[in-house]
>>> print(open('query-v4.csv').read())   # CSV, C-alpha atoms and all ligand atoms
chain,number,residue,atom,x,y,z
A,1,MET,CA,-28.6,5.9,30.0
A,2,SER,CA,-29.2,6.7,26.3
A,3,LYS,CA,-26.5,5.7,23.8
A,4,PRO,CA,-24.5,8.5,22.0
A,5,ARG,CA,-26.0,9.3,18.7
A,6,VAL,CA,-23.7,8.9,15.7
A,7,LEU,CA,-24.5,10.3,12.2
A,8,ILE,CA,-22.8,8.8,9.2
A,9,VAL,CA,-22.6,10.7,5.9
A,10,GLY,CA,-21.7,8.5,2.9
A,11,ALA,CA,-23.4,5.4,4.5
A,12,THR,CA,-24.4,4.1,1.0
A,13,GLY,CA,-20.7,3.9,0.0
A,14,ARG,CA,-18.0,1.4,0.6
A,15,THR,CA,-16.3,2.9,3.6
A,16,GLY,CA,-19.5,4.3,5.1
A,17,GLY,CA,-21.1,0.9,4.7
A,18,THR,CA,-18.5,-1.0,6.8
A,19,ILE,CA,-18.8,1.7,9.4
A,20,VAL,CA,-22.6,1.3,9.6
A,21,ASP,CA,-22.2,-2.5,9.9
A,22,ALA,CA,-19.6,-2.3,12.7
A,23,LEU,CA,-21.4,0.4,14.7
A,24,LEU,CA,-24.6,-1.6,14.6
A,25,GLU,CA,-22.7,-4.8,15.6
A,26,ALA,CA,-20.9,-3.0,18.5
A,27,GLY,CA,-24.3,-1.8,19.7
A,28,GLN,CA,-22.8,1.1,21.8
A,29,THR,CA,-24.3,3.9,19.7
A,30,GLU,CA,-27.5,5.0,18.1
A,31,VAL,CA,-26.7,4.8,14.4
A,32,GLU,CA,-28.3,7.3,12.0
A,33,VAL,CA,-27.4,8.2,8.4
A,34,LEU,CA,-27.6,11.3,6.3
A,35,ILE,CA,-28.4,10.8,2.6
A,36,ARG,CA,-28.8,13.4,-0.1
A,37,PRO,CA,-32.4,13.4,-1.4
A,38,PRO,CA,-31.7,12.3,-5.0
A,39,SER,CA,-30.0,9.1,-3.6
A,40,LEU,CA,-32.9,8.0,-1.3
A,41,ALA,CA,-34.2,5.6,-4.0
A,42,LYS,CA,-30.8,3.9,-4.6
A,43,PRO,CA,-30.7,0.2,-3.7
A,44,ALA,CA,-28.0,0.9,-1.0
A,45,ALA,CA,-30.3,3.5,0.6
A,46,LEU,CA,-33.3,1.2,0.5
A,47,LYS,CA,-31.3,-1.5,2.2
A,48,LEU,CA,-30.4,0.8,5.1
A,49,GLN,CA,-34.1,1.6,5.4
A,50,GLU,CA,-35.0,-2.1,5.4
A,51,ARG,CA,-32.6,-2.5,8.3
A,52,GLY,CA,-34.6,0.0,10.3
A,53,ILE,CA,-31.8,2.6,10.3
A,54,LYS,CA,-33.0,6.2,10.8
A,55,ILE,CA,-32.4,8.1,7.6
A,56,HIS,CA,-32.2,11.9,7.4
A,57,ALA,CA,-32.5,13.4,3.9
A,58,ALA,CA,-30.6,16.6,3.3
A,59,GLU,CA,-28.0,18.2,1.1
A,60,LEU,CA,-24.8,19.0,3.0
A,61,GLU,CA,-24.9,22.6,2.0
A,62,ASN,CA,-28.3,23.2,3.7
A,63,THR,CA,-26.9,24.3,7.0
A,64,THR,CA,-30.2,25.4,8.5
A,65,GLN,CA,-31.7,21.9,8.0
A,66,LEU,CA,-28.4,20.3,9.0
A,67,ALA,CA,-28.3,22.1,12.3
A,68,GLY,CA,-31.7,20.7,13.2
A,69,ILE,CA,-30.7,17.1,12.2
A,70,LEU,CA,-27.4,17.3,14.1
A,71,SER,CA,-28.9,18.6,17.3
A,72,GLY,CA,-28.2,16.0,20.0
A,73,THR,CA,-25.7,14.1,17.8
A,74,HIS,CA,-22.5,13.1,19.6
A,75,THR,CA,-20.3,12.2,16.6
A,76,VAL,CA,-20.5,12.9,12.9
A,77,ILE,CA,-18.6,10.5,10.6
A,78,SER,CA,-18.0,11.5,6.9
A,79,ALA,CA,-17.1,9.0,4.2
A,80,VAL,CA,-18.2,11.1,1.3
A,81,GLY,CA,-15.6,10.0,-1.3
A,82,PRO,CA,-12.9,11.8,-3.1
A,83,GLU,CA,-14.8,14.1,-5.4
A,84,LEU,CA,-14.1,17.8,-5.0
A,85,GLU,CA,-17.7,18.7,-4.5
A,86,ALA,CA,-18.1,16.0,-1.8
A,87,GLN,CA,-15.0,17.1,0.0
A,88,LEU,CA,-16.0,20.8,-0.1
A,89,ALA,CA,-19.5,19.9,1.2
A,90,GLN,CA,-17.9,18.9,4.5
A,91,ILE,CA,-17.1,22.5,5.3
A,92,PRO,CA,-20.8,23.5,5.8
A,93,LEU,CA,-21.3,20.2,7.5
A,94,ALA,CA,-18.5,20.9,10.1
A,95,ASP,CA,-19.9,24.4,10.6
A,96,ALA,CA,-23.4,23.0,11.3
A,97,ALA,CA,-21.8,20.3,13.6
A,98,LYS,CA,-20.1,23.0,15.7
A,99,LYS,CA,-23.4,25.0,15.9
A,100,ALA,CA,-25.3,21.9,17.0
A,101,GLY,CA,-22.7,21.1,19.7
A,102,VAL,CA,-21.4,17.9,18.1
A,103,GLN,CA,-18.6,16.4,20.2
A,104,ARG,CA,-16.5,14.8,17.5
A,105,PHE,CA,-16.2,15.2,13.7
A,106,VAL,CA,-14.5,12.5,11.7
A,107,PRO,CA,-13.9,13.9,8.2
A,108,CYS,CA,-13.4,11.9,5.0
A,109,ALA,CA,-9.7,10.8,5.0
A,110,TRP,CA,-9.6,6.9,5.0
A,111,MET,CA,-6.4,7.0,2.9
A,112,THR,CA,-2.9,5.7,3.0
A,113,VAL,CA,-0.3,7.5,5.0
A,114,CYS,CA,1.1,10.4,3.0
A,115,PRO,CA,2.3,13.9,4.0
A,116,ALA,CA,0.5,17.0,2.8
A,117,GLY,CA,2.3,19.2,0.3
A,118,GLY,CA,2.4,17.9,-3.3
A,119,VAL,CA,2.6,14.1,-2.9
A,120,MET,CA,-1.0,13.2,-3.3
A,121,TRP,CA,-3.7,15.4,-4.6
A,122,LEU,CA,-6.3,13.7,-2.4
A,123,ARG,CA,-4.3,14.4,0.7
A,124,ASP,CA,-3.7,18.0,-0.3
A,125,GLN,CA,-7.5,18.5,-0.9
A,126,LEU,CA,-8.0,17.8,2.8
A,127,SER,CA,-5.3,20.1,3.9
A,128,SER,CA,-6.0,22.9,1.4
A,129,PHE,CA,-9.6,23.1,2.6
A,130,ASN,CA,-8.2,23.2,6.1
A,131,LEU,CA,-9.9,19.9,6.9
A,132,MET,CA,-6.5,18.7,8.1
A,133,HIS,CA,-3.8,20.5,10.0
A,134,ASN,CA,-1.0,21.3,7.5
A,135,ARG,CA,2.2,20.5,9.3
A,136,GLU,CA,4.3,22.1,6.6
A,137,SER,CA,2.6,25.5,6.6
A,138,LYS,CA,1.7,25.2,10.3
A,139,SER,CA,-1.8,26.5,9.3
A,140,SER,CA,-4.6,25.6,11.7
A,141,SER,CA,-7.2,23.2,10.5
A,142,MET,CA,-10.8,24.2,10.2
A,143,PHE,CA,-11.5,22.2,13.3
A,144,VAL,CA,-9.0,24.1,15.3
A,145,LYS,CA,-10.5,27.4,14.1
A,146,LEU,CA,-14.0,26.2,14.9
A,147,GLY,CA,-13.0,24.6,18.2
A,148,LEU,CA,-14.7,21.4,16.9
A,149,PRO,CA,-13.2,18.2,18.3
A,150,TYR,CA,-12.1,15.9,15.5
A,151,THR,CA,-10.4,12.6,14.7
A,152,ILE,CA,-8.7,11.9,11.4
A,153,ILE,CA,-8.5,8.2,10.5
A,154,ASP,CA,-6.3,6.7,7.8
A,155,VAL,CA,-6.5,3.1,6.9
A,156,GLY,CA,-3.7,1.8,4.6
A,157,TYR,CA,-4.5,0.4,1.2
A,158,TRP,CA,-7.5,-2.0,0.9
A,159,TYR,CA,-6.8,-5.6,0.3
A,160,GLN,CA,-9.7,-5.4,-2.1
A,161,VAL,CA,-7.7,-3.2,-4.5
A,162,SER,CA,-4.3,-4.6,-3.9
A,163,PHE,CA,-4.3,-8.2,-5.1
A,164,PRO,CA,-2.7,-9.4,-8.4
A,165,THR,CA,-4.9,-11.2,-11.0
A,166,LEU,CA,-4.1,-14.7,-12.1
A,167,PRO,CA,-3.6,-16.2,-15.6
A,168,SER,CA,-6.7,-18.4,-15.2
A,169,GLY,CA,-8.9,-15.3,-14.6
A,170,ARG,CA,-10.3,-16.8,-11.4
A,171,VAL,CA,-10.1,-13.6,-9.4
A,172,ASP,CA,-11.0,-11.2,-12.2
A,173,TYR,CA,-14.5,-10.9,-10.9
A,174,ALA,CA,-13.3,-8.9,-8.0
A,175,SER,CA,-10.5,-6.8,-9.5
A,176,LEU,CA,-10.8,-3.2,-10.5
A,177,LEU,CA,-7.7,-3.5,-12.7
A,178,LEU,CA,-7.6,-6.1,-15.5
A,179,PRO,CA,-5.1,-7.5,-15.6
A,180,ASN,CA,-3.3,-6.5,-12.4
A,181,THR,CA,0.1,-8.0,-12.9
A,182,THR,CA,2.4,-5.0,-12.9
A,183,ILE,CA,5.1,-4.5,-10.3
A,184,LEU,CA,5.6,-0.8,-9.9
A,185,GLY,CA,9.0,0.4,-8.6
A,186,GLU,CA,11.3,-2.2,-7.0
A,187,GLY,CA,8.5,-4.5,-5.7
A,188,ASN,CA,10.0,-5.0,-2.3
A,189,MET,CA,8.7,-1.8,-0.5
A,190,LYS,CA,6.4,-2.9,2.3
A,191,THR,CA,3.1,-1.1,2.5
A,192,ALA,CA,0.3,-1.1,5.1
A,193,LEU,CA,-2.7,-3.0,3.8
A,194,THR,CA,-6.2,-3.4,5.3
A,195,ASP,CA,-9.3,-5.4,4.7
A,196,LEU,CA,-12.1,-2.8,3.9
A,197,ARG,CA,-14.3,-4.7,6.3
A,198,ASP,CA,-11.9,-4.0,9.2
A,199,ILE,CA,-12.3,-0.2,8.9
A,200,GLY,CA,-15.7,-0.2,10.6
A,201,PRO,CA,-14.6,-2.2,13.7
A,202,TYR,CA,-11.6,0.1,14.2
A,203,VAL,CA,-13.9,3.1,13.8
A,204,ALA,CA,-16.3,1.7,16.4
A,205,LYS,CA,-13.5,1.6,18.9
A,206,ILE,CA,-11.9,4.9,17.9
A,207,ILE,CA,-15.0,7.1,18.3
A,208,MET,CA,-15.7,5.7,21.8
A,209,ASP,CA,-12.1,6.4,22.9
A,210,VAL,CA,-11.2,9.8,24.5
A,211,ARG,CA,-7.5,9.1,23.7
A,212,THR,CA,-8.3,9.7,20.0
A,213,VAL,CA,-9.9,13.2,20.3
A,214,ASN,CA,-8.1,15.8,18.2
A,215,LYS,CA,-5.7,13.1,17.0
A,216,TYR,CA,-4.8,11.3,13.8
A,217,VAL,CA,-5.2,7.5,14.0
A,218,PHE,CA,-3.7,4.9,11.6
A,219,CYS,CA,-5.3,1.5,11.3
A,220,TYR,CA,-4.0,-1.4,9.2
A,221,GLY,CA,-4.0,-5.2,8.9
A,222,GLU,CA,-0.7,-6.2,7.5
A,223,LEU,CA,2.6,-4.8,6.1
A,224,LEU,CA,3.4,-6.5,2.8
A,225,SER,CA,5.3,-5.7,-0.4
A,226,GLN,CA,4.0,-6.2,-3.9
A,227,GLU,CA,6.3,-9.2,-4.4
A,228,GLU,CA,4.9,-10.7,-1.2
A,229,LEU,CA,1.3,-10.2,-2.4
A,230,PHE,CA,2.2,-11.9,-5.7
A,231,ALA,CA,3.9,-14.7,-4.0
A,232,LYS,CA,1.0,-15.4,-1.6
A,233,MET,CA,-1.5,-15.5,-4.5
A,234,GLU,CA,0.9,-17.9,-6.4
A,235,GLU,CA,1.3,-20.1,-3.4
A,236,LEU,CA,-2.5,-20.3,-2.7
A,237,SER,CA,-3.6,-20.7,-6.3
A,238,GLY,CA,-0.8,-22.9,-7.7
A,239,GLU,CA,-0.5,-20.5,-10.7
A,240,ASN,CA,2.5,-18.5,-11.9
A,241,ILE,CA,1.9,-14.8,-12.5
A,242,GLU,CA,3.9,-13.4,-15.4
A,243,ARG,CA,4.9,-10.0,-14.0
A,244,LYS,CA,5.2,-6.8,-16.0
A,245,TYR,CA,7.6,-4.2,-14.5
A,246,ILE,CA,7.4,-0.4,-14.4
A,247,SER,CA,10.5,1.1,-12.9
A,248,SER,CA,10.3,4.0,-10.3
A,249,GLY,CA,11.5,6.4,-13.0
A,250,GLU,CA,8.9,5.2,-15.6
A,251,LEU,CA,6.2,5.4,-12.9
A,252,LYS,CA,7.2,9.0,-12.2
A,253,THR,CA,7.0,9.9,-15.9
A,254,LEU,CA,3.6,8.1,-16.2
A,255,LEU,CA,2.3,10.0,-13.2
A,256,ASP,CA,3.5,13.4,-14.5
A,257,THR,CA,2.0,12.8,-17.9
A,258,THR,CA,-1.3,11.7,-16.5
A,259,LYS,CA,-1.3,14.6,-14.1
A,260,SER,CA,-0.7,17.2,-16.8
A,261,SER,CA,-3.9,16.0,-18.7
A,262,PHE,CA,-6.1,15.4,-15.6
A,263,CYS,CA,-8.7,18.2,-15.2
A,264,TYR,CA,-9.9,16.9,-11.8
A,265,ASP,CA,-13.2,16.0,-13.4
A,266,PHE,CA,-14.5,12.9,-11.7
A,267,SER,CA,-17.2,12.4,-14.3
A,268,ASN,CA,-14.3,10.9,-16.4
A,269,VAL,CA,-14.1,7.9,-14.0
A,270,GLN,CA,-11.3,6.1,-15.9
A,271,GLN,CA,-9.1,9.2,-16.0
A,272,ALA,CA,-9.8,10.0,-12.3
A,273,PHE,CA,-9.1,6.4,-11.2
A,274,THR,CA,-5.9,6.2,-13.3
A,275,PHE,CA,-4.5,9.5,-11.9
A,276,ILE,CA,-5.5,8.7,-8.2
A,277,GLY,CA,-4.2,5.1,-8.6
A,278,LEU,CA,-0.8,6.3,-9.9
A,279,GLU,CA,-0.5,8.8,-7.1
A,280,TYR,CA,-1.3,6.2,-4.5
A,281,ARG,CA,1.2,3.7,-6.0
A,282,TYR,CA,4.0,6.2,-6.3
A,283,SER,CA,3.5,7.3,-2.7
A,284,MET,CA,3.3,3.7,-1.4
A,285,TYR,CA,5.7,1.8,-3.6
A,286,VAL,CA,8.4,4.4,-4.4
A,287,ARG,CA,8.4,6.9,-1.6
A,288,GLY,CA,7.4,4.3,1.0
A,289,ASP,CA,5.0,6.7,2.7
A,290,ASN,CA,2.4,4.2,3.7
A,291,ASP,CA,4.3,2.8,6.7
A,292,PRO,CA,3.3,2.7,10.4
A,293,ALA,CA,6.7,4.0,11.4
A,294,TYR,CA,6.3,7.0,9.1
A,295,ALA,CA,2.7,7.5,10.4
A,296,LYS,CA,4.1,7.7,13.9
A,297,TYR,CA,6.6,10.3,12.7
A,298,LEU,CA,3.7,12.3,11.3
A,299,GLY,CA,2.0,12.2,14.7
A,300,TYR,CA,-0.5,9.4,14.2
A,301,LEU,CA,-1.6,7.1,16.9
A,302,ASP,CA,-1.4,3.4,15.9
A,303,ALA,CA,-4.8,1.7,16.2
A,304,ARG,CA,-3.0,-1.7,16.6
A,305,GLU,CA,-1.4,-0.5,19.8
A,306,LEU,CA,-4.5,1.2,21.1
A,307,TYR,CA,-6.7,-1.9,20.5
A,308,PRO,CA,-4.4,-5.0,20.7
A,309,GLU,CA,-7.5,-7.1,21.4
A,310,PHE,CA,-8.8,-6.6,17.9
A,311,VAL,CA,-7.2,-9.0,15.4
A,312,PRO,CA,-7.5,-7.6,11.8
A,313,ARG,CA,-8.1,-10.0,8.9
A,314,ARG,CA,-4.9,-11.2,7.3
A,315,PHE,CA,-4.3,-10.9,3.5
A,316,GLU,CA,-4.2,-14.7,3.3
A,317,ALA,CA,-7.7,-15.1,4.6
A,318,TYR,CA,-9.0,-12.5,2.0
A,319,ALA,CA,-7.0,-14.2,-0.8
A,320,LYS,CA,-8.7,-17.6,0.1
A,321,GLU,CA,-12.1,-15.9,-0.2
A,322,LEU,CA,-11.1,-14.5,-3.5
A,323,LEU,CA,-10.0,-17.9,-4.8
A,324,GLU,CA,-13.1,-19.6,-3.6
A,325,GLY,CA,-15.2,-17.0,-5.5
A,326,ASN,CA,-16.6,-15.6,-2.3
A,327,ALA,CA,-15.1,-12.1,-2.2
A,328,VAL,CA,-17.3,-9.1,-2.8
A,329,ALA,CA,-16.5,-7.1,-5.9
A,330,VAL,CA,-16.3,-3.7,-4.3
A,331,TYR,CA,-16.3,-1.9,-7.7
A,332,GLN,CA,-18.8,-4.2,-9.3
A,333,GLY,CA,-19.4,-3.3,-13.0
A,334,TRP,CA,-16.1,-1.3,-13.2
A,335,SER,CA,-12.8,-2.5,-14.5
A,336,PHE,CA,-9.9,-0.6,-16.0
A,337,GLN,CA,-6.9,-1.7,-18.0
A,338,ALA,CA,-3.9,-1.6,-15.8
A,339,TRP,CA,-0.8,0.4,-16.8
B,401,LIG,N1,-7.4,3.4,1.4
B,401,LIG,C1,-7.8,2.8,0.3
B,401,LIG,O1,-7.3,1.8,-0.2
B,401,LIG,C2,-9.0,3.5,-0.4
B,401,LIG,C3,-9.7,2.9,-1.5
B,401,LIG,C4,-10.8,3.5,-2.0
B,401,LIG,C5,-11.2,4.8,-1.5
B,401,LIG,N2,-10.5,5.3,-0.4
B,401,LIG,C6,-11.0,6.6,0.2
B,401,LIG,O2,-12.1,6.3,1.0
B,401,LIG,C7,-13.0,7.5,1.0
B,401,LIG,C8,-14.4,7.0,0.7
B,401,LIG,O3,-14.4,6.3,-0.5
B,401,LIG,P1,-15.4,5.2,-0.8
B,401,LIG,O4,-14.9,4.5,-2.0
B,401,LIG,O5,-15.8,4.4,0.4
B,401,LIG,O6,-16.7,6.1,-1.3
B,401,LIG,P2,-17.9,5.7,-2.2
B,401,LIG,O7,-18.1,4.2,-2.1
B,401,LIG,O8,-17.8,6.3,-3.5
B,401,LIG,O9,-19.1,6.4,-1.4
B,401,LIG,C9,-19.2,7.8,-1.3
B,401,LIG,C10,-20.4,8.1,-0.4
B,401,LIG,O10,-20.5,9.5,-0.2
B,401,LIG,C11,-21.8,9.9,-0.6
B,401,LIG,N3,-21.6,11.3,-1.2
B,401,LIG,C12,-20.9,11.6,-2.3
B,401,LIG,N4,-21.0,12.9,-2.5
B,401,LIG,C13,-21.8,13.4,-1.5
B,401,LIG,C14,-22.2,14.7,-1.3
B,401,LIG,N5,-21.9,15.8,-2.0
B,401,LIG,N6,-23.1,14.9,-0.2
B,401,LIG,C15,-23.4,13.8,0.5
B,401,LIG,N7,-23.0,12.6,0.3
B,401,LIG,C16,-22.2,12.4,-0.7
B,401,LIG,C17,-22.3,8.9,-1.6
B,401,LIG,O11,-23.7,9.0,-1.5
B,401,LIG,P3,-24.7,8.8,-2.8
B,401,LIG,O12,-25.3,7.5,-2.6
B,401,LIG,O13,-25.6,10.0,-2.6
B,401,LIG,O14,-23.8,8.9,-4.0
B,401,LIG,C18,-21.7,7.6,-1.0
B,401,LIG,O15,-22.6,7.2,0.1
B,401,LIG,C19,-12.4,8.4,-0.1
B,401,LIG,O16,-11.9,9.5,0.4
B,401,LIG,C20,-11.4,7.6,-0.8
B,401,LIG,O17,-10.3,8.4,-1.2
B,401,LIG,C21,-9.5,4.7,0.1
>>> encode(input="query-v4.csv", output="structure tokens")
Amino acid sequence: MSKPRVLIVGATGRTGGTIVDALLEAGQTEVEVLIRPPSLAKPAALKLQERGIKIHAAELENTTQLAGILSGTHTVISAVGPELEAQLAQIPLADAAKKAGVQRFVPCAWMTVCPAGGVMWLRDQLSSFNLMHNRESKSSSMFVKLGLPYTIIDVGYWYQVSFPTLPSGRVDYASLLLPNTTILGEGNMKTALTDLRDIGPYVAKIIMDVRTVNKYVFCYGELLSQEELFAKMEELSGENIERKYISSGELKTLLDTTKSSFCYDFSNVQQAFTFIGLEYRYSMYVRGDNDPAYAKYLGYLDARELYPEFVPRRFEAYAKELLEGNAVAVYQGWSFQAW
């Protein structure tokens, strides 16, 4: 019997990359990717080609071409990134998927847990374009209107963007924020954290599981507070991190000020990252949204309960890789000054 065909959009990206790796490793599906034509010559696209992965070149807005590409596809997975244009491009993609008889659509979520309705702009994008069911307004999602089976997957906050930096500079090579030594809020709010590389293995299980059709699923590795992350890095490195503190009230003021001057223009990468980073942190560290119990309240299935046989990487293992100089800089070439 032939294996179900899975098409990944955003395969040259960070989340898409881990999903490609894990699906190939699991070997239960035929893995194909869709890349927009101007990106075919990028190193990440060439690497996929070298691995023998079937590449389709198309813009997501080209529904006629997409319908042909999607014919016979079982599952479409989108990891297109947070930009408005990319998020919107998923609407014609879902339309084409329905027409082609796709049996499951996984849109680009991959976020921390957060309710829709004014907490995080990224979350509200998904709900305002009707990619997600909006619990507050009770509006149906695009999937419900199309009758297209879906699964929404959120993943906690990546270890790769969570760790504090050290006075010696030993882990700066992998940090997006330099330095990253600020405790935001009280410091003891636990939040769900995940190794980016564990997203793919979870997805490989979720898309083969009928229990997750038309459901939200939450995956994570460990629940840790900022103080616990700092303490673990201090213990493993033998260094003391001099902490800066921004109170919950100061963080709210900083967020409001940043928001008022943010034009949702992602070509200003620093501004976009600052705004999105502050929203993530306010939601996680002050509101305490990114918590498996709250995810359950919002109706998510817990991937750790669905797949107890899968043991996610622990933060300590990732921190050791970092200290040995073996971690991958997931935002290589980018670094921003922390607040
Ligand atoms: N939970 C966390 O801690 C965390 C951290 C970071 C990100 N995220 C979330 O994870 C999601 C994915 O982010 P990421 O960092 O993995 O993405 P990324 O590395 O920026 O990759 C985005 C991918 O989407 C493709 N793409 C972008 N616009 C497209 C379009 N209009 N049409 C087709 N393909 C398009 C890009 O392809 P090209 O090669 O053509 O550019 C690339 O392959 C985002 O929604 C983000 O919010 C979560």
>>> atom_distance(input="query-v4.csv", atom1="CA of Leu48 (chain A)", atom2="atom C17 of ligand LIG 401 (chain B)")
13.3 Å
>>> residues_around(input="query-v4.csv", residues="Ala97 (chain A)", least_positions_apart="4", cutoff="7 Å", atoms="only C-alpha atoms", output="ChimeraX atom specification")
/A:67,70,93,101-102
>>> atom_distance(input="query-v4.csv", atom1="CA of Gln337 (chain A)", atom2="CA of Ala192 (chain A)")
24.2 Å
>>> closest_residue(input="query-v4.csv", among="A:Lys98, A:Arg123, A:Arg5, A:Arg314", to="Glu222 (chain A)", atoms="all atoms listed in the file")
A:Arg314
>>> atom_distance(input="query-v4.csv", atom1="CA of Leu166 (chain A)", atom2="CA of Leu229 (chain A)")
12.0 Å
>>> residues_around(input="query-v4.csv", residues="Glu25 (chain A)", least_positions_apart="3", cutoff="10 Å", atoms="all atoms listed in the file", output="PyMOL selection string")
chain A and resi 19-22+28-29+200-201+204
>>> residues_near_ligand(input="query-v4.csv", ligand="ligand LIG 401 (chain B)", cutoff="8 Å", atoms="only C-alpha atoms and all ligand atoms", output="PDB file with C-alpha atoms, in the coordinates of the input")
ATOM      1  CA  VAL A   9     -22.600  10.700   5.900  1.00  0.00           C
ATOM      2  CA  GLY A  10     -21.700   8.500   2.900  1.00  0.00           C
ATOM      3  CA  ALA A  11     -23.400   5.400   4.500  1.00  0.00           C
ATOM      4  CA  THR A  12     -24.400   4.100   1.000  1.00  0.00           C
ATOM      5  CA  GLY A  13     -20.700   3.900   0.000  1.00  0.00           C
ATOM      6  CA  ARG A  14     -18.000   1.400   0.600  1.00  0.00           C
ATOM      7  CA  THR A  15     -16.300   2.900   3.600  1.00  0.00           C
ATOM      8  CA  GLY A  16     -19.500   4.300   5.100  1.00  0.00           C
ATOM      9  CA  GLY A  17     -21.100   0.900   4.700  1.00  0.00           C
ATOM     10  CA  LEU A  34     -27.600  11.300   6.300  1.00  0.00           C
ATOM     11  CA  ILE A  35     -28.400  10.800   2.600  1.00  0.00           C
ATOM     12  CA  ARG A  36     -28.800  13.400  -0.100  1.00  0.00           C
ATOM     13  CA  PRO A  37     -32.400  13.400  -1.400  1.00  0.00           C
ATOM     14  CA  PRO A  38     -31.700  12.300  -5.000  1.00  0.00           C
ATOM     15  CA  SER A  39     -30.000   9.100  -3.600  1.00  0.00           C
ATOM     16  CA  LEU A  40     -32.900   8.000  -1.300  1.00  0.00           C
ATOM     17  CA  LYS A  42     -30.800   3.900  -4.600  1.00  0.00           C
ATOM     18  CA  ALA A  44     -28.000   0.900  -1.000  1.00  0.00           C
ATOM     19  CA  ALA A  45     -30.300   3.500   0.600  1.00  0.00           C
ATOM     20  CA  GLU A  59     -28.000  18.200   1.100  1.00  0.00           C
ATOM     21  CA  LEU A  60     -24.800  19.000   3.000  1.00  0.00           C
ATOM     22  CA  SER A  78     -18.000  11.500   6.900  1.00  0.00           C
ATOM     23  CA  ALA A  79     -17.100   9.000   4.200  1.00  0.00           C
ATOM     24  CA  VAL A  80     -18.200  11.100   1.300  1.00  0.00           C
ATOM     25  CA  GLY A  81     -15.600  10.000  -1.300  1.00  0.00           C
ATOM     26  CA  PRO A  82     -12.900  11.800  -3.100  1.00  0.00           C
ATOM     27  CA  GLU A  83     -14.800  14.100  -5.400  1.00  0.00           C
ATOM     28  CA  GLU A  85     -17.700  18.700  -4.500  1.00  0.00           C
ATOM     29  CA  ALA A  86     -18.100  16.000  -1.800  1.00  0.00           C
ATOM     30  CA  GLN A  87     -15.000  17.100   0.000  1.00  0.00           C
ATOM     31  CA  LEU A  88     -16.000  20.800  -0.100  1.00  0.00           C
ATOM     32  CA  ALA A  89     -19.500  19.900   1.200  1.00  0.00           C
ATOM     33  CA  CYS A 108     -13.400  11.900   5.000  1.00  0.00           C
ATOM     34  CA  ALA A 109      -9.700  10.800   5.000  1.00  0.00           C
ATOM     35  CA  TRP A 110      -9.600   6.900   5.000  1.00  0.00           C
ATOM     36  CA  MET A 111      -6.400   7.000   2.900  1.00  0.00           C
ATOM     37  CA  THR A 112      -2.900   5.700   3.000  1.00  0.00           C
ATOM     38  CA  LEU A 122      -6.300  13.700  -2.400  1.00  0.00           C
ATOM     39  CA  ASP A 154      -6.300   6.700   7.800  1.00  0.00           C
ATOM     40  CA  VAL A 155      -6.500   3.100   6.900  1.00  0.00           C
ATOM     41  CA  GLY A 156      -3.700   1.800   4.600  1.00  0.00           C
ATOM     42  CA  TYR A 157      -4.500   0.400   1.200  1.00  0.00           C
ATOM     43  CA  TRP A 158      -7.500  -2.000   0.900  1.00  0.00           C
ATOM     44  CA  TYR A 159      -6.800  -5.600   0.300  1.00  0.00           C
ATOM     45  CA  GLN A 160      -9.700  -5.400  -2.100  1.00  0.00           C
ATOM     46  CA  VAL A 161      -7.700  -3.200  -4.500  1.00  0.00           C
ATOM     47  CA  SER A 162      -4.300  -4.600  -3.900  1.00  0.00           C
ATOM     48  CA  LEU A 193      -2.700  -3.000   3.800  1.00  0.00           C
ATOM     49  CA  THR A 194      -6.200  -3.400   5.300  1.00  0.00           C
ATOM     50  CA  LEU A 196     -12.100  -2.800   3.900  1.00  0.00           C
TER      51      LEU A 196
END
>>> closest_residue(input="query-v4.csv", among="A:Ala303, A:Ala319, A:Ile69, A:Met142", to="Ala94 (chain A)", atoms="all atoms listed in the file")
A:Met142
>>> closest_residue(input="query-v4.csv", among="A:Thr258, A:Ser175, A:Ser225, A:Gln103", to="Ile207 (chain A)", atoms="all atoms listed in the file")
A:Gln103
>>> closest_residue(input="query-v4.csv", among="A:Ile91, A:Ala295, A:Val286, A:Ala116", to="Met189 (chain A)", atoms="all atoms listed in the file")
A:Val286
>>> residues_near_point(input="query-v4.csv", point="(3.3, -3.0, -14.9)", cutoff="6 Å", atoms="all atoms listed in the file", output="short mmCIF file (atom, residue, chain, number, x, y, z; two decimals) with C-alpha atoms, in the coordinates of the input")
data_model
loop_
_atom_site.label_atom_id
_atom_site.label_comp_id
_atom_site.auth_asym_id
_atom_site.auth_seq_id
_atom_site.Cartn_x
_atom_site.Cartn_y
_atom_site.Cartn_z
CA THR A 182 2.40 -5.00 -12.90
CA ILE A 183 5.10 -4.50 -10.30
CA LEU A 184 5.60 -0.80 -9.90
CA LYS A 244 5.20 -6.80 -16.00
CA TYR A 245 7.60 -4.20 -14.50
CA ILE A 246 7.40 -0.40 -14.40
CA TRP A 339 -0.80 0.40 -16.80
#
>>> closest_residue(input="query-v4.csv", among="A:Val203, A:Tyr294, A:Ile276, A:Leu178", to="Tyr264 (chain A)", atoms="all atoms listed in the file")
A:Ile276
>>> closest_atom_pairs(input="query-v4.csv", of="region 215-334 of chain A", to="region 143-150 of chain A", cutoff="12 Å", atoms="all atoms listed in the file", output="tab-separated table")
residue	atom	partner	partner_atom	distance
A:Lys215	CA	A:Tyr150	CA	7.1
A:Tyr216	CA	A:Tyr150	CA	8.8
A:Val217	CA	A:Tyr150	CA	11.0
>>> residues_near_point(input="query-v4.csv", point="(-16.3, -11.1, -0.9)", cutoff="12 Å", atoms="all atoms listed in the file", output="count of residues only")
25
